[in-house]
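What follows is the content of entry03.pdb, which has PDB, C-alpha atoms, pLDDT in the B column:
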```pdb
ATOM      1  CA  MET L   1       0.000   0.000   0.000  1.00 93.00           C
ATOM      2  CA  LEU L   2       2.854   2.388   0.701  1.00 94.00           C
ATOM      3  CA  ASP L   3       4.292   1.850  -2.781  1.00 94.00           C
ATOM      4  CA  ALA L   4       0.860   2.568  -4.262  1.00 94.00           C
ATOM      5  CA  CYS L   5       0.631   5.697  -2.120  1.00 94.00           C
ATOM      6  CA  ALA L   6       4.004   6.927  -3.379  1.00 94.00           C
ATOM      7  CA  GLU L   7       2.941   6.489  -7.000  1.00 94.00           C
ATOM      8  CA  LEU L   8      -0.378   8.237  -6.458  1.00 94.00           C
ATOM      9  CA  VAL L   9       0.948  11.336  -4.706  1.00 93.00           C
ATOM     10  CA  ASP L  10       3.260  11.939  -7.658  1.00 91.00           C
ATOM     11  CA  GLU L  11       0.279  11.649  -9.998  1.00 93.00           C
ATOM     12  CA  VAL L  12      -2.486  13.489  -8.115  1.00 94.00           C
ATOM     13  CA  GLY L  13      -0.751  15.221  -5.192  1.00 90.00           C
ATOM     14  CA  TYR L  14      -1.582  14.860  -1.529  1.00 89.00           C
ATOM     15  CA  GLU L  15      -4.874  16.721  -1.859  1.00 91.00           C
ATOM     16  CA  GLY L  16      -5.997  14.409  -4.651  1.00 93.00           C
ATOM     17  CA  LEU L  17      -5.078  11.262  -2.740  1.00 93.00           C
ATOM     18  CA  THR L  18      -8.005   9.265  -1.334  1.00 93.00           C
ATOM     19  CA  THR L  19      -8.253   5.930   0.414  1.00 94.00           C
ATOM     20  CA  THR L  20     -10.477   4.733  -2.425  1.00 94.00           C
ATOM     21  CA  LEU L  21      -7.817   5.539  -5.018  1.00 94.00           C
ATOM     22  CA  LEU L  22      -5.217   3.876  -2.847  1.00 94.00           C
ATOM     23  CA  ALA L  23      -7.258   0.687  -2.491  1.00 94.00           C
ATOM     24  CA  GLU L  24      -7.781   0.570  -6.253  1.00 94.00           C
ATOM     25  CA  ARG L  25      -4.086   1.103  -7.039  1.00 94.00           C
ATOM     26  CA  ALA L  26      -2.955  -1.416  -4.415  1.00 93.00           C
ATOM     27  CA  GLU L  27      -5.647  -3.860  -5.591  1.00 94.00           C
ATOM     28  CA  VAL L  28      -6.999  -4.401  -2.086  1.00 94.00           C
ATOM     29  CA  ALA L  29     -10.407  -3.950  -0.498  1.00 94.00           C
ATOM     30  CA  ILE L  30     -11.064  -0.560   1.074  1.00 93.00           C
ATOM     31  CA  GLY L  31     -11.559  -2.353   4.372  1.00 93.00           C
ATOM     32  CA  SER L  32      -7.979  -3.603   4.189  1.00 92.00           C
ATOM     33  CA  VAL L  33      -6.760  -0.021   3.991  1.00 93.00           C
ATOM     34  CA  TYR L  34      -8.699   0.980   7.105  1.00 93.00           C
ATOM     35  CA  GLN L  35      -7.470  -2.108   8.894  1.00 93.00           C
ATOM     36  CA  PHE L  36      -3.994  -0.563   8.921  1.00 93.00           C
ATOM     37  CA  PHE L  37      -4.586   3.172   8.482  1.00 93.00           C
ATOM     38  CA  PRO L  38      -7.411   5.363   9.833  1.00 93.00           C
ATOM     39  CA  ASP L  39      -7.018   8.003   7.112  1.00 92.00           C
ATOM     40  CA  LYS L  40      -4.767   9.172   4.303  1.00 91.00           C
ATOM     41  CA  ARG L  41      -2.649  11.266   6.666  1.00 89.00           C
ATOM     42  CA  ALA L  42      -1.662   8.106   8.542  1.00 91.00           C
ATOM     43  CA  ILE L  43      -0.743   6.419   5.267  1.00 92.00           C
ATOM     44  CA  VAL L  44       1.448   9.314   4.201  1.00 91.00           C
ATOM     45  CA  GLN L  45       3.008   9.455   7.661  1.00 87.00           C
ATOM     46  CA  ALA L  46       3.982   5.789   7.387  1.00 91.00           C
ATOM     47  CA  LEU L  47       5.398   6.406   3.901  1.00 92.00           C
ATOM     48  CA  THR L  48       7.384   9.415   5.123  1.00 87.00           C
ATOM     49  CA  LEU L  49       8.841   7.476   8.042  1.00 87.00           C
ATOM     50  CA  ARG L  50       9.883   4.727   5.646  1.00 90.00           C
ATOM     51  CA  THR L  51      11.480   7.350   3.398  1.00 89.00           C
ATOM     52  CA  MET L  52      13.413   8.865   6.296  1.00 84.00           C
ATOM     53  CA  GLU L  53      14.693   5.428   7.299  1.00 86.00           C
ATOM     54  CA  SER L  54      15.728   4.800   3.687  1.00 89.00           C
ATOM     55  CA  TYR L  55      17.547   8.153   3.561  1.00 87.00           C
ATOM     56  CA  LEU L  56      19.469   7.400   6.752  1.00 83.00           C
ATOM     57  CA  GLN L  57      20.323   3.906   5.535  1.00 87.00           C
ATOM     58  CA  ARG L  58      21.637   5.361   2.277  1.00 87.00           C
ATOM     59  CA  LEU L  59      23.787   7.759   4.292  1.00 83.00           C
ATOM     60  CA  ASP L  60      25.132   4.966   6.489  1.00 83.00           C
ATOM     61  CA  GLU L  61      26.039   2.942   3.392  1.00 85.00           C
ATOM     62  CA  ARG L  62      27.657   5.977   1.767  1.00 84.00           C
ATOM     63  CA  PHE L  63      29.694   6.721   4.877  1.00 81.00           C
ATOM     64  CA  ALA L  64      30.792   3.097   5.129  1.00 80.00           C
ATOM     65  CA  SER L  65      31.846   2.721   1.497  1.00 72.00           C
ATOM     66  CA  ASP L  66      33.161   6.122   0.438  1.00 65.00           C
ATOM     67  CA  ASP L  67      36.482   7.684   1.315  1.00 76.00           C
ATOM     68  CA  LEU L  68      35.032  10.558   3.325  1.00 81.00           C
ATOM     69  CA  THR L  69      37.895  12.285   5.114  1.00 82.00           C
ATOM     70  CA  HIS L  70      36.170  15.320   6.613  1.00 85.00           C
ATOM     71  CA  TRP L  71      32.778  16.140   8.047  1.00 86.00           C
ATOM     72  CA  TRP L  72      31.943  18.391   5.110  1.00 85.00           C
ATOM     73  CA  ASP L  73      32.323  15.376   2.823  1.00 86.00           C
ATOM     74  CA  GLY L  74      29.547  13.845   4.935  1.00 86.00           C
ATOM     75  CA  VAL L  75      27.413  16.951   4.449  1.00 88.00           C
ATOM     76  CA  ASP L  76      27.997  16.776   0.680  1.00 89.00           C
ATOM     77  CA  ALA L  77      27.001  13.102   0.767  1.00 89.00           C
ATOM     78  CA  GLY L  78      23.823  14.004   2.644  1.00 88.00           C
ATOM     79  CA  ILE L  79      22.896  16.602   0.021  1.00 91.00           C
ATOM     80  CA  ASP L  80      23.752  14.231  -2.844  1.00 92.00           C
ATOM     81  CA  GLU L  81      21.504  11.507  -1.427  1.00 91.00           C
ATOM     82  CA  TYR L  82      18.686  14.015  -0.933  1.00 91.00           C
ATOM     83  CA  ILE L  83      18.988  15.069  -4.574  1.00 94.00           C
ATOM     84  CA  THR L  84      19.146  11.452  -5.761  1.00 94.00           C
ATOM     85  CA  MET L  85      15.971  10.635  -3.859  1.00 92.00           C
ATOM     86  CA  HIS L  86      14.210  13.546  -5.558  1.00 92.00           C
ATOM     87  CA  ARG L  87      15.162  11.997  -8.888  1.00 93.00           C
ATOM     88  CA  THR L  88      14.570   8.325  -8.178  1.00 93.00           C
ATOM     89  CA  VAL L  89      12.238   7.673  -5.217  1.00 93.00           C
ATOM     90  CA  PRO L  90       8.503   7.713  -6.045  1.00 93.00           C
ATOM     91  CA  GLY L  91       6.576  10.209  -3.955  1.00 91.00           C
ATOM     92  CA  PHE L  92       9.618  11.959  -2.508  1.00 89.00           C
ATOM     93  CA  ARG L  93       9.568  14.970  -4.792  1.00 88.00           C
ATOM     94  CA  THR L  94       5.963  15.599  -3.769  1.00 88.00           C
ATOM     95  CA  LEU L  95       6.067  14.758  -0.069  1.00 85.00           C
ATOM     96  CA  HIS L  96       9.731  15.363   0.842  1.00 81.00           C
ATOM     97  CA  PHE L  97       9.840  14.551   4.549  1.00 77.00           C
ATOM     98  CA  GLY L  98       6.153  15.271   5.055  1.00 73.00           C
ATOM     99  CA  ASP L  99       6.072  19.064   5.164  1.00 73.00           C
ATOM    100  CA  VAL L 100       3.342  19.298   2.513  1.00 70.00           C
ATOM    101  CA  VAL L 101       1.076  17.392   4.891  1.00 71.00           C
ATOM    102  CA  ASP L 102       2.126  18.577   8.342  1.00 73.00           C
ATOM    103  CA  LEU L 103       5.285  20.320   9.521  1.00 70.00           C
ATOM    104  CA  HIS L 104       5.202  17.999  12.530  1.00 71.00           C
ATOM    105  CA  LEU L 105       4.444  14.788  10.673  1.00 69.00           C
ATOM    106  CA  LEU L 106       7.573  12.994  11.925  1.00 71.00           C
ATOM    107  CA  ASP L 107       7.481  14.273  15.499  1.00 75.00           C
ATOM    108  CA  GLU L 108       4.800  16.156  17.414  1.00 75.00           C
ATOM    109  CA  GLN L 109       7.408  18.233  19.253  1.00 75.00           C
ATOM    110  CA  ARG L 110       9.725  19.159  16.364  1.00 78.00           C
ATOM    111  CA  ASP L 111       9.226  20.110  12.764  1.00 82.00           C
ATOM    112  CA  ASN L 112      10.229  17.647  10.083  1.00 79.00           C
ATOM    113  CA  ASN L 113      13.471  19.332   9.050  1.00 81.00           C
ATOM    114  CA  GLY L 114      14.474  19.541  12.706  1.00 82.00           C
ATOM    115  CA  VAL L 115      14.119  15.771  12.949  1.00 82.00           C
ATOM    116  CA  ILE L 116      16.313  15.346   9.864  1.00 83.00           C
ATOM    117  CA  ALA L 117      18.902  17.746  11.337  1.00 85.00           C
ATOM    118  CA  ASP L 118      18.981  15.667  14.528  1.00 85.00           C
ATOM    119  CA  GLN L 119      19.585  12.503  12.527  1.00 83.00           C
ATOM    120  CA  LEU L 120      22.335  14.170  10.500  1.00 85.00           C
ATOM    121  CA  ALA L 121      23.963  15.319  13.739  1.00 87.00           C
ATOM    122  CA  ARG L 122      23.930  11.723  14.929  1.00 85.00           C
ATOM    123  CA  VAL L 123      25.642  10.303  11.860  1.00 84.00           C
ATOM    124  CA  LEU L 124      28.166  13.145  11.640  1.00 85.00           C
ATOM    125  CA  THR L 125      29.179  12.804  15.289  1.00 87.00           C
ATOM    126  CA  GLU L 126      29.476   9.041  14.978  1.00 85.00           C
ATOM    127  CA  ARG L 127      31.489   9.164  11.750  1.00 83.00           C
ATOM    128  CA  PHE L 128      33.626  12.290  12.194  1.00 84.00           C
ATOM    129  CA  GLY L 129      33.811  12.878  15.945  1.00 83.00           C
ATOM    130  CA  LEU L 130      31.999  16.206  16.003  1.00 83.00           C
ATOM    131  CA  THR L 131      30.737  17.116  19.458  1.00 83.00           C
ATOM    132  CA  ASP L 132      26.978  16.601  19.568  1.00 75.00           C
ATOM    133  CA  VAL L 133      25.782  19.756  21.309  1.00 81.00           C
ATOM    134  CA  PRO L 134      22.721  22.000  20.789  1.00 86.00           C
ATOM    135  CA  GLU L 135      24.775  24.470  18.733  1.00 88.00           C
ATOM    136  CA  LEU L 136      25.665  21.784  16.191  1.00 88.00           C
ATOM    137  CA  ARG L 137      22.038  20.735  15.859  1.00 88.00           C
ATOM    138  CA  PHE L 138      20.981  24.385  15.500  1.00 90.00           C
ATOM    139  CA  HIS L 139      23.434  25.045  12.672  1.00 91.00           C
ATOM    140  CA  LEU L 140      22.515  21.791  10.945  1.00 91.00           C
ATOM    141  CA  GLU L 141      18.836  22.715  11.149  1.00 90.00           C
ATOM    142  CA  ILE L 142      19.587  26.054   9.450  1.00 93.00           C
ATOM    143  CA  ALA L 143      21.565  24.191   6.789  1.00 93.00           C
ATOM    144  CA  VAL L 144      18.793  21.643   6.227  1.00 91.00           C
ATOM    145  CA  GLU L 145      16.183  24.390   5.829  1.00 90.00           C
ATOM    146  CA  ALA L 146      18.345  26.285   3.346  1.00 93.00           C
ATOM    147  CA  ALA L 147      19.270  23.179   1.362  1.00 93.00           C
ATOM    148  CA  ASP L 148      15.645  22.026   1.289  1.00 90.00           C
ATOM    149  CA  ALA L 149      14.458  25.366  -0.113  1.00 92.00           C
ATOM    150  CA  LEU L 150      17.172  25.526  -2.784  1.00 95.00           C
ATOM    151  CA  ILE L 151      16.730  21.924  -3.867  1.00 93.00           C
ATOM    152  CA  LYS L 152      12.993  22.505  -4.234  1.00 91.00           C
ATOM    153  CA  LEU L 153      13.816  25.548  -6.371  1.00 95.00           C
ATOM    154  CA  ALA L 154      16.125  23.436  -8.556  1.00 96.00           C
ATOM    155  CA  PHE L 155      13.376  20.896  -9.198  1.00 93.00           C
ATOM    156  CA  ARG L 156      10.821  23.601  -9.925  1.00 92.00           C
ATOM    157  CA  ARG L 157      13.144  25.030 -12.575  1.00 95.00           C
ATOM    158  CA  ARG L 158      13.845  21.652 -14.175  1.00 94.00           C
ATOM    159  CA  THR L 159      12.105  18.347 -13.671  1.00 91.00           C
ATOM    160  CA  ASP L 160      15.458  16.615 -13.248  1.00 92.00           C
ATOM    161  CA  GLY L 161      16.898  19.392 -11.088  1.00 94.00           C
ATOM    162  CA  ASP L 162      18.726  22.518 -12.253  1.00 97.00           C
ATOM    163  CA  ASP L 163      22.417  21.660 -11.844  1.00 96.00           C
ATOM    164  CA  ARG L 164      23.427  25.311 -11.485  1.00 97.00           C
ATOM    165  CA  VAL L 165      21.094  25.781  -8.522  1.00 97.00           C
ATOM    166  CA  LEU L 166      22.162  22.474  -6.987  1.00 96.00           C
ATOM    167  CA  THR L 167      25.838  23.394  -7.272  1.00 95.00           C
ATOM    168  CA  GLU L 168      25.199  26.756  -5.630  1.00 96.00           C
ATOM    169  CA  ALA L 169      23.181  25.071  -2.891  1.00 95.00           C
ATOM    170  CA  LYS L 170      26.059  22.756  -1.995  1.00 93.00           C
ATOM    171  CA  ALA L 171      28.562  25.617  -2.021  1.00 93.00           C
ATOM    172  CA  LEU L 172      26.346  27.782   0.176  1.00 94.00           C
ATOM    173  CA  ILE L 173      25.738  25.043   2.743  1.00 94.00           C
ATOM    174  CA  ARG L 174      29.390  24.052   2.892  1.00 91.00           C
ATOM    175  CA  GLU L 175      30.500  27.663   3.383  1.00 92.00           C
ATOM    176  CA  TYR L 176      27.902  28.277   6.089  1.00 93.00           C
ATOM    177  CA  LEU L 177      28.769  25.140   8.046  1.00 90.00           C
ATOM    178  CA  HIS L 178      32.490  25.695   7.554  1.00 88.00           C
ATOM    179  CA  ARG L 179      32.161  29.058   9.296  1.00 88.00           C
ATOM    180  CA  GLN L 180      29.827  27.848  12.026  1.00 84.00           C
ATOM    181  CA  VAL L 181      31.021  24.315  12.739  1.00 80.00           C
ATOM    182  CA  ASP L 182      34.643  23.942  11.694  1.00 66.00           C
ATOM    183  CA  ALA L 183      35.799  26.542  14.219  1.00 55.00           C
ATOM    184  CA  ARG L 184      34.318  24.455  17.041  1.00 53.00           C
ATOM    185  CA  PRO L 185      36.482  21.750  18.630  1.00 52.00           C
ATOM    186  CA  THR L 186      35.666  18.121  17.915  1.00 46.00           C
ATOM    187  CA  ALA L 187      35.247  15.615  20.711  1.00 46.00           C
ATOM    188  CA  GLY L 188      38.815  14.441  20.146  1.00 45.00           C
ATOM    189  CA  ARG L 189      40.215  17.946  20.367  1.00 44.00           C
ATOM    190  CA  GLN L 190      38.289  18.633  23.547  1.00 45.00           C
ATOM    191  CA  ALA L 191      39.719  15.495  25.096  1.00 43.00           C
ATOM    192  CA  ASP L 192      43.220  16.571  24.124  1.00 43.00           C
ATOM    193  CA  GLU L 193      42.641  19.971  25.682  1.00 40.00           C
ATOM    194  CA  ARG L 194      41.496  18.393  28.949  1.00 42.00           C
ATOM    195  CA  THR L 195      44.568  16.111  29.068  1.00 43.00           C
ATOM    196  CA  GLY L 196      46.973  18.830  27.982  1.00 45.00           C
ATOM    197  CA  ALA L 197      48.011  16.928  24.861  1.00 44.00           C
ATOM    198  CA  THR L 198      49.159  18.933  21.868  1.00 40.00           C
ATOM    199  CA  GLN L 199      47.947  18.426  18.354  1.00 41.00           C
ATOM    200  CA  PRO L 200      50.434  17.501  15.637  1.00 41.00           C
ATOM    201  CA  ALA L 201      51.372  20.306  13.283  1.00 37.00           C
TER     202      ALA L 201
END
```
Take the structure in the file and give it back as structure tokens.
Amino acid sequence: MLDACAELVDEVGYEGLTTTLLAERAEVAIGSVYQFFPDKRAIVQALTLRTMESYLQRLDERFASDDLTHWWDGVDAGIDEYITMHRTVPGFRTLHFGDVVDLHLLDEQRDNNGVIADQLARVLTERFGLTDVPELRFHLEIAVEAADALIKLAFRRRTDGDDRVLTEAKALIREYLHRQVDARPTAGRQADERTGATQPA
């Protein structure tokens, strides 16, 4: 049913989506839909959660396989995967991470992009040793909002994404985070400072 939902939202949009259409596309009885989902919002929420899990899995695989030497390589990878999902994942270009339905679709307490920023903070701290503090999450949330807006602009300009806009988006985000994050000590540097160790030149 979630695959059918993804196809339909690309065809008719969220407003045009109905449980009847979903049942017809999934070739199930309407009662089967309501057995799992009370309404179309719940269906889209489940699809969005699956999409977020897929995005994070793609990032984990990218981090594990690529030669990423600095945290900004991880940020670039995150943007690249986001762009790829716009191009290849049914329903993603329409729904993104649920903001067209509800800004709090993923979490009642935080907006959707804030949830994504939290997850990016997790993978960046685990992979590159950045210190996971509120300031990092704040700056990542700003970066996610800016990247989201520019990537949407790129796909409004061209159905496959305007490469000029996408290139500028990556440059802007990297420059912003370089100024805000790279000046902060990593967890390893903080430990060295506490122990009095010096960093190699």
Report as an MDAnalysis selection string all protein, DNA and RNA residues lying within 12 Å of Asp107 of chain L, evaluated on all atoms listed in the file, omitting residues in the same chain fewer than 6 positions from it. chainID L and resid 45 48:49 97:99 113:116 118
Residues returned when the PyMOL selection byres ((chain L and resi 73) around 12) runs on this file, as a ChimeraX atom specification: /L:59,62-63,66-72,74-80,124,127-128,170-171,173-174,177-178
Residue subset to file, keeping C-alpha atoms, as a CSV table (one decimal), in the frame of the given file:
```csv
chain,number,residue,atom,x,y,z
L,59,LEU,CA,23.8,7.8,4.3
L,62,ARG,CA,27.7,6.0,1.8
L,63,PHE,CA,29.7,6.7,4.9
L,66,ASP,CA,33.2,6.1,0.4
L,67,ASP,CA,36.5,7.7,1.3
L,68,LEU,CA,35.0,10.6,3.3
L,69,THR,CA,37.9,12.3,5.1
L,70,HIS,CA,36.2,15.3,6.6
L,71,TRP,CA,32.8,16.1,8.0
L,72,TRP,CA,31.9,18.4,5.1
L,74,GLY,CA,29.5,13.8,4.9
L,75,VAL,CA,27.4,17.0,4.4
L,76,ASP,CA,28.0,16.8,0.7
L,77,ALA,CA,27.0,13.1,0.8
L,78,GLY,CA,23.8,14.0,2.6
L,79,ILE,CA,22.9,16.6,0.0
L,80,ASP,CA,23.8,14.2,-2.8
L,124,LEU,CA,28.2,13.1,11.6
L,127,ARG,CA,31.5,9.2,11.8
L,128,PHE,CA,33.6,12.3,12.2
L,170,LYS,CA,26.1,22.8,-2.0
L,171,ALA,CA,28.6,25.6,-2.0
L,173,ILE,CA,25.7,25.0,2.7
L,174,ARG,CA,29.4,24.1,2.9
L,177,LEU,CA,28.8,25.1,8.0
L,178,HIS,CA,32.5,25.7,7.6
```
Can you measure atom CA of Met1 of chain L to atom CA of Glu81 of chain L for me? One decimal in Å is fine. 24.4 Å
To one decimal place, how far is atom CA of Ala6 of chain L from atom CA of Val89 of chain L in Å?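 These atoms are spaced 8.5 Å apart.
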Run the PyMOL selection byres ((chain L and resi 139) around 12) on the file and write out the hits as number ranges by chain. L: 114, 117-118, 120-121, 132-138, 140-146, 173-182, 184
Two-atom distance - atom CA of Arg157 of chain L, atom CA of Leu106 of chain L (Å):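 So the answer is 27.9 Å.
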Pick from L:Gln35, L:Thr125, L:Ser65, L:Thr167, whichever lies nearest to Ile151 of chain L using all atoms listed in the file: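 Nearest candidate to Ile151 of chain L out of L:Gln35, L:Thr125, L:Ser65, L:Thr167: L:Thr167.
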Enumerate, as a PyMOL selection string, the residues matched when the PyMOL selection byres ((chain L and resi 43) around 10) is run on the file above. chain L and resi 1-2+5-6+19+22+33-34+36-42+44-48
Give as a PDB file with C-alpha atoms, in the frame of the given file every residue, naming chains and numbers as the document does, that has an atom within 12 Å of (-0.7, 8.1, -7.5), counting only C-alpha atoms.
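The resulting file, part33.pdb, is shown below:
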```pdb
ATOM      1  CA  MET L   1       0.000   0.000   0.000  1.00 93.00           C
ATOM      2  CA  LEU L   2       2.854   2.388   0.701  1.00 94.00           C
ATOM      3  CA  ASP L   3       4.292   1.850  -2.781  1.00 94.00           C
ATOM      4  CA  ALA L   4       0.860   2.568  -4.262  1.00 94.00           C
ATOM      5  CA  CYS L   5       0.631   5.697  -2.120  1.00 94.00           C
ATOM      6  CA  ALA L   6       4.004   6.927  -3.379  1.00 94.00           C
ATOM      7  CA  GLU L   7       2.941   6.489  -7.000  1.00 94.00           C
ATOM      8  CA  LEU L   8      -0.378   8.237  -6.458  1.00 94.00           C
ATOM      9  CA  VAL L   9       0.948  11.336  -4.706  1.00 93.00           C
ATOM     10  CA  ASP L  10       3.260  11.939  -7.658  1.00 91.00           C
ATOM     11  CA  GLU L  11       0.279  11.649  -9.998  1.00 93.00           C
ATOM     12  CA  VAL L  12      -2.486  13.489  -8.115  1.00 94.00           C
ATOM     13  CA  GLY L  13      -0.751  15.221  -5.192  1.00 90.00           C
ATOM     14  CA  TYR L  14      -1.582  14.860  -1.529  1.00 89.00           C
ATOM     15  CA  GLU L  15      -4.874  16.721  -1.859  1.00 91.00           C
ATOM     16  CA  GLY L  16      -5.997  14.409  -4.651  1.00 93.00           C
ATOM     17  CA  LEU L  17      -5.078  11.262  -2.740  1.00 93.00           C
ATOM     18  CA  THR L  18      -8.005   9.265  -1.334  1.00 93.00           C
ATOM     19  CA  THR L  19      -8.253   5.930   0.414  1.00 94.00           C
ATOM     20  CA  THR L  20     -10.477   4.733  -2.425  1.00 94.00           C
ATOM     21  CA  LEU L  21      -7.817   5.539  -5.018  1.00 94.00           C
ATOM     22  CA  LEU L  22      -5.217   3.876  -2.847  1.00 94.00           C
ATOM     23  CA  ALA L  23      -7.258   0.687  -2.491  1.00 94.00           C
ATOM     24  CA  GLU L  24      -7.781   0.570  -6.253  1.00 94.00           C
ATOM     25  CA  ARG L  25      -4.086   1.103  -7.039  1.00 94.00           C
ATOM     26  CA  ALA L  26      -2.955  -1.416  -4.415  1.00 93.00           C
ATOM     27  CA  VAL L  44       1.448   9.314   4.201  1.00 91.00           C
ATOM     28  CA  PRO L  90       8.503   7.713  -6.045  1.00 93.00           C
ATOM     29  CA  GLY L  91       6.576  10.209  -3.955  1.00 91.00           C
ATOM     30  CA  THR L  94       5.963  15.599  -3.769  1.00 88.00           C
TER      31      THR L  94
END
```
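Among L:Arg58, L:Arg122, L:Arg87, L:His104, the residue with the shortest atom-to-atom distance to Phe155 of chain L, counting all atoms listed in the file, is L:Arg87.
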Report the centre and edge lengths, in Å to one decimal, of an axis-aligned box enclosing every atom of segment 30-47 of chain L listed in the file, padded by 4 Å on each side, as JSON.
```
{"center_x": -3.1, "center_y": 3.8, "center_z": 5.5, "size_x": 25.0, "size_y": 22.9, "size_z": 16.8}
```
With all atoms listed in the file as the atoms that count, which of L:Glu168, L:Ala64, L:Lys152, L:Thr51 lies nearest to Ile83 of chain L?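 Counting all atoms listed in the file, the residue closest to Ile83 of chain L is L:Lys152.
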Which is closest to Leu153 of chain L among L:Arg50, L:Arg93, L:Gly129, L:Tyr55, if we use all atoms listed in the file?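 Selected residue with least distance to Leu153 of chain L: L:Arg93.
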